[in-house]
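Novice: Below you'll find the structure I mean.
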Amino acid sequence: MSPAGSIAVLQAHELRFTWPGAAAPCIDIAQFEVRAGEAVFLHGPSGCGKSTLLSLLAGVLVTGSGRVSLLGQDWAALGGSARDRRRVAHVGYIFQQFNLLPYLSVMDNVLLPCRFSARRRAQGSRAQAEQLLAGMGIGAQLWGRSALQLSVGQQQRVAAARALVGRPEVVIADEPTSALDEDRREAFLDVLLAACASHGSALVFVSHDRRIAERFGRHVLLPEINRAAAHAQPA
């Protein structure tokens with residue numbers, strides 16, 4: 001649960017989004033917010049708009065109707081470069097496809113947000129990155145390797161460490177346990193939830209795996225809040 005009196009770090013109001021060429025919106029949400037320190041489990045069937053909503057919350061996509069704000073700043077009021085700077089400073093994003101850079105080592109991939117954000121650099125360190133990697137079972141012998149030399153499951157955990165380094169106010173996770181076996185999944189969740197709780201970071205976690213829902217303070221079934229779910233394109 002979010003701490004008493006915590007502020008809303010993410011807010012969406014009358015949010016509608018339609019993919020170019022589509023006849024109807026895939027997202028139509030009257031109201032949605034996430035408060036500081038809150039851990040939200042977001043779920044729903046394929047095609048209900050989960051990944052699209054995450055991209056809107058993080059300013060990767062910008063809506064033409066309604067408002068989505070991060071820490072009170074409307075994403076639509078910012079240009080592309082300004083959105084990129086704000087995202088890297090305040091949002092840790094675990095992408096479904098990881099988005100690791102193949103020409104960088106594991107450690108350099110994790111520290112990447114600190115290169116592009118003074119805020120993340122001030123809050124993060126190599127020691128913090130080492131602690132996160134070790135906690136997720138990525139041993140020191142792998143830190144100097146290219147990310148592409150790792151297994152899919154290992155790459156997924158490296159992407160999570162990168163999202164957490166520098167203590168972002170918001171962590172967004174798109175199916176981050178899909179490539180992990182049960183033991184690795186539980187260890188991953190231990191590190192992710194503990195880090196977010198320690199940093200006071202809000203967590204929005206998308207998964208099809210309902211078995212892990214009990215570990216989160218709040219559950220949101222997207223079709224219940226998304227009025228366009230019946231017409232949504234695949235997320």
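In the structure tokens, chains take the letters A, B, ... in the order shown, each chain's residues start at 1, and ligands count up from 1 in the order shown.
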Per DSSP on the backbone, filter stretch 117-224 of chain A down to the residues in strand (DSSP E) and report them as a list in words.
Specialist: Val170, Val171, Ile172, Ala173, Asp174, Ala202, Leu203, Val204, Phe205, Val206, Arg218, His219, Val220 and Leu221 of chain A
Novice: Filtering to N, CA and C atoms, could you give me those residues as a PDB file, in the first residue's frame?
Specialist:
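Output contents, as saved in selection18.pdb:
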```
ATOM      1  N   VAL A 170       9.511   6.545 -10.055  1.00  0.00           N
ATOM      2  CA  VAL A 170       8.546   5.610 -10.644  1.00  0.00           C
ATOM      3  C   VAL A 170       9.299   4.492 -11.349  1.00  0.00           C
ATOM      4  N   VAL A 171       8.877   3.251 -11.122  1.00  0.00           N
ATOM      5  CA  VAL A 171       9.399   2.106 -11.862  1.00  0.00           C
ATOM      6  C   VAL A 171       8.228   1.473 -12.607  1.00  0.00           C
ATOM      7  N   ILE A 172       8.392   1.311 -13.924  1.00  0.00           N
ATOM      8  CA  ILE A 172       7.373   0.702 -14.772  1.00  0.00           C
ATOM      9  C   ILE A 172       7.936  -0.591 -15.328  1.00  0.00           C
ATOM     10  N   ALA A 173       7.220  -1.687 -15.125  1.00  0.00           N
ATOM     11  CA  ALA A 173       7.725  -3.011 -15.484  1.00  0.00           C
ATOM     12  C   ALA A 173       6.720  -3.722 -16.378  1.00  0.00           C
ATOM     13  N   ASP A 174       7.141  -4.023 -17.607  1.00  0.00           N
ATOM     14  CA  ASP A 174       6.262  -4.657 -18.589  1.00  0.00           C
ATOM     15  C   ASP A 174       6.628  -6.134 -18.728  1.00  0.00           C
ATOM     16  N   ALA A 202       7.283   4.423  -6.626  1.00  0.00           N
ATOM     17  CA  ALA A 202       6.041   3.773  -7.051  1.00  0.00           C
ATOM     18  C   ALA A 202       6.392   2.718  -8.089  1.00  0.00           C
ATOM     19  N   LEU A 203       5.654   1.609  -8.081  1.00  0.00           N
ATOM     20  CA  LEU A 203       5.877   0.513  -9.021  1.00  0.00           C
ATOM     21  C   LEU A 203       4.579   0.182  -9.739  1.00  0.00           C
ATOM     22  N   VAL A 204       4.618   0.200 -11.068  1.00  0.00           N
ATOM     23  CA  VAL A 204       3.500  -0.268 -11.891  1.00  0.00           C
ATOM     24  C   VAL A 204       3.997  -1.493 -12.639  1.00  0.00           C
ATOM     25  N   PHE A 205       3.428  -2.642 -12.323  1.00  0.00           N
ATOM     26  CA  PHE A 205       3.945  -3.936 -12.755  1.00  0.00           C
ATOM     27  C   PHE A 205       2.876  -4.661 -13.559  1.00  0.00           C
ATOM     28  N   VAL A 206       3.157  -4.900 -14.839  1.00  0.00           N
ATOM     29  CA  VAL A 206       2.231  -5.630 -15.701  1.00  0.00           C
ATOM     30  C   VAL A 206       2.660  -7.083 -15.803  1.00  0.00           C
ATOM     31  N   ARG A 218      -1.888  -3.319  -4.425  1.00  0.00           N
ATOM     32  CA  ARG A 218      -3.083  -2.910  -5.163  1.00  0.00           C
ATOM     33  C   ARG A 218      -3.130  -3.656  -6.489  1.00  0.00           C
ATOM     34  N   HIS A 219      -4.307  -4.137  -6.849  1.00  0.00           N
ATOM     35  CA  HIS A 219      -4.509  -4.864  -8.100  1.00  0.00           C
ATOM     36  C   HIS A 219      -5.465  -4.069  -8.987  1.00  0.00           C
ATOM     37  N   VAL A 220      -5.116  -3.948 -10.269  1.00  0.00           N
ATOM     38  CA  VAL A 220      -5.974  -3.252 -11.223  1.00  0.00           C
ATOM     39  C   VAL A 220      -6.185  -4.160 -12.425  1.00  0.00           C
ATOM     40  N   LEU A 221      -7.434  -4.516 -12.686  1.00  0.00           N
ATOM     41  CA  LEU A 221      -7.794  -5.256 -13.897  1.00  0.00           C
ATOM     42  C   LEU A 221      -8.108  -4.209 -14.962  1.00  0.00           C
TER      43      LEU A 221
END
```
Novice: Can you pull out every residue within 10 Å of A:Val106, counting only C-alpha atoms, but drop anything in the same chain fewer than 6 positions away, and send it as a VMD selection string?
Specialist: chain A and resid 100 133 138 140 142 to 150 154 to 155 158 to 159 161 to 162
Novice: Write the residues of the preceding selection, restricted to C-alpha atoms, as an mmCIF file, in the first residue's frame.
Specialist:
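The result, written out as again_35.cif:
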```cif
data_model
loop_
_atom_site.group_PDB
_atom_site.id
_atom_site.type_symbol
_atom_site.label_atom_id
_atom_site.label_comp_id
_atom_site.auth_asym_id
_atom_site.auth_seq_id
_atom_site.Cartn_x
_atom_site.Cartn_y
_atom_site.Cartn_z
ATOM 1 C CA LEU A 100 19.886 -3.394 -23.612
ATOM 2 C CA LEU A 133 22.998 -7.211 -9.942
ATOM 3 C CA ILE A 138 24.068 -11.778 -11.853
ATOM 4 C CA ALA A 140 30.632 -10.357 -10.812
ATOM 5 C CA LEU A 142 29.349 -11.443 -15.852
ATOM 6 C CA TRP A 143 29.573 -7.695 -15.255
ATOM 7 C CA GLY A 144 32.206 -7.082 -17.931
ATOM 8 C CA ARG A 145 30.510 -9.170 -20.613
ATOM 9 C CA SER A 146 28.384 -7.870 -23.453
ATOM 10 C CA ALA A 147 24.703 -8.021 -22.600
ATOM 11 C CA LEU A 148 24.138 -10.247 -25.639
ATOM 12 C CA GLN A 149 26.353 -12.937 -24.114
ATOM 13 C CA LEU A 150 23.766 -13.484 -21.383
ATOM 14 C CA GLN A 154 19.785 -12.852 -17.312
ATOM 15 C CA GLN A 155 19.161 -9.981 -19.726
ATOM 16 C CA VAL A 158 20.007 -6.714 -16.014
ATOM 17 C CA ALA A 159 17.233 -4.557 -17.479
ATOM 18 C CA ALA A 161 18.785 -3.435 -12.333
ATOM 19 C CA ARG A 162 19.139 -0.610 -14.859
#
```
Novice: Quick one: of A:Val165, A:Val60, A:Leu70, A:Ile29, who's nearest to A:Met107, counting only C-alpha atoms?
Specialist: A:Val165
Novice: Restricting the calculation to only C-alpha atoms, which member of A:Cys48, A:Leu10, A:Ala39, A:Ala58 is positioned closest to A:Phe95?
Specialist: A:Ala58
Novice: Within 10 Å of A:Leu111, counting only C-alpha atoms, which residues show up once you throw out same-chain ones fewer than 3 positions away? Write them as a PyMOL selection string, please.
Specialist: chain A and resi 105-108+114-116+120-121+124-126+128-130+161-166
Novice: Keeping only C-alpha atoms, write the selected residues as a PDB file, in the first residue's frame.
Specialist:
```pdb
ATOM      1  CA  SER A 105      28.944  -4.367 -20.920  1.00  0.00           C
ATOM      2  CA  VAL A 106      26.412  -5.541 -18.364  1.00  0.00           C
ATOM      3  CA  MET A 107      27.670  -2.982 -15.842  1.00  0.00           C
ATOM      4  CA  ASP A 108      27.677  -0.122 -18.344  1.00  0.00           C
ATOM      5  CA  CYS A 114      23.359   7.777 -14.573  1.00  0.00           C
ATOM      6  CA  ARG A 115      25.191   8.946 -17.706  1.00  0.00           C
ATOM      7  CA  PHE A 116      22.142  10.800 -19.009  1.00  0.00           C
ATOM      8  CA  ARG A 120      20.025   9.529 -11.252  1.00  0.00           C
ATOM      9  CA  ARG A 121      23.809  10.004 -11.100  1.00  0.00           C
ATOM     10  CA  GLY A 124      23.140   6.052  -7.885  1.00  0.00           C
ATOM     11  CA  SER A 125      26.616   4.552  -7.884  1.00  0.00           C
ATOM     12  CA  ARG A 126      28.576   1.565  -9.149  1.00  0.00           C
ATOM     13  CA  GLN A 128      24.490   0.322  -5.904  1.00  0.00           C
ATOM     14  CA  ALA A 129      24.553  -1.284  -9.361  1.00  0.00           C
ATOM     15  CA  GLU A 130      26.727  -4.133  -8.046  1.00  0.00           C
ATOM     16  CA  ALA A 161      18.785  -3.435 -12.333  1.00  0.00           C
ATOM     17  CA  ARG A 162      19.139  -0.610 -14.859  1.00  0.00           C
ATOM     18  CA  ALA A 163      15.590   0.543 -14.086  1.00  0.00           C
ATOM     19  CA  LEU A 164      16.277   0.635 -10.351  1.00  0.00           C
ATOM     20  CA  VAL A 165      19.697   2.312 -10.286  1.00  0.00           C
ATOM     21  CA  GLY A 166      19.603   5.934  -9.191  1.00  0.00           C
TER      22      GLY A 166
END
```
Novice: Looking at only C-alpha atoms, which of A:Gly217, A:Gly139, A:Pro176, A:Gly59 is the one that sits closest to A:Val152?
Specialist: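 Of all the options, A:Pro176 lies closest to A:Val152.
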Novice: Apply DSSP to the backbone of this structure and, from chain A, keep only the residues in alpha helix (DSSP H); write these as a PyMOL selection string.
Specialist: chain A and resi 50-57+80-90+106-110+112-116+118-123+126-135+152-164+182-199+222-225
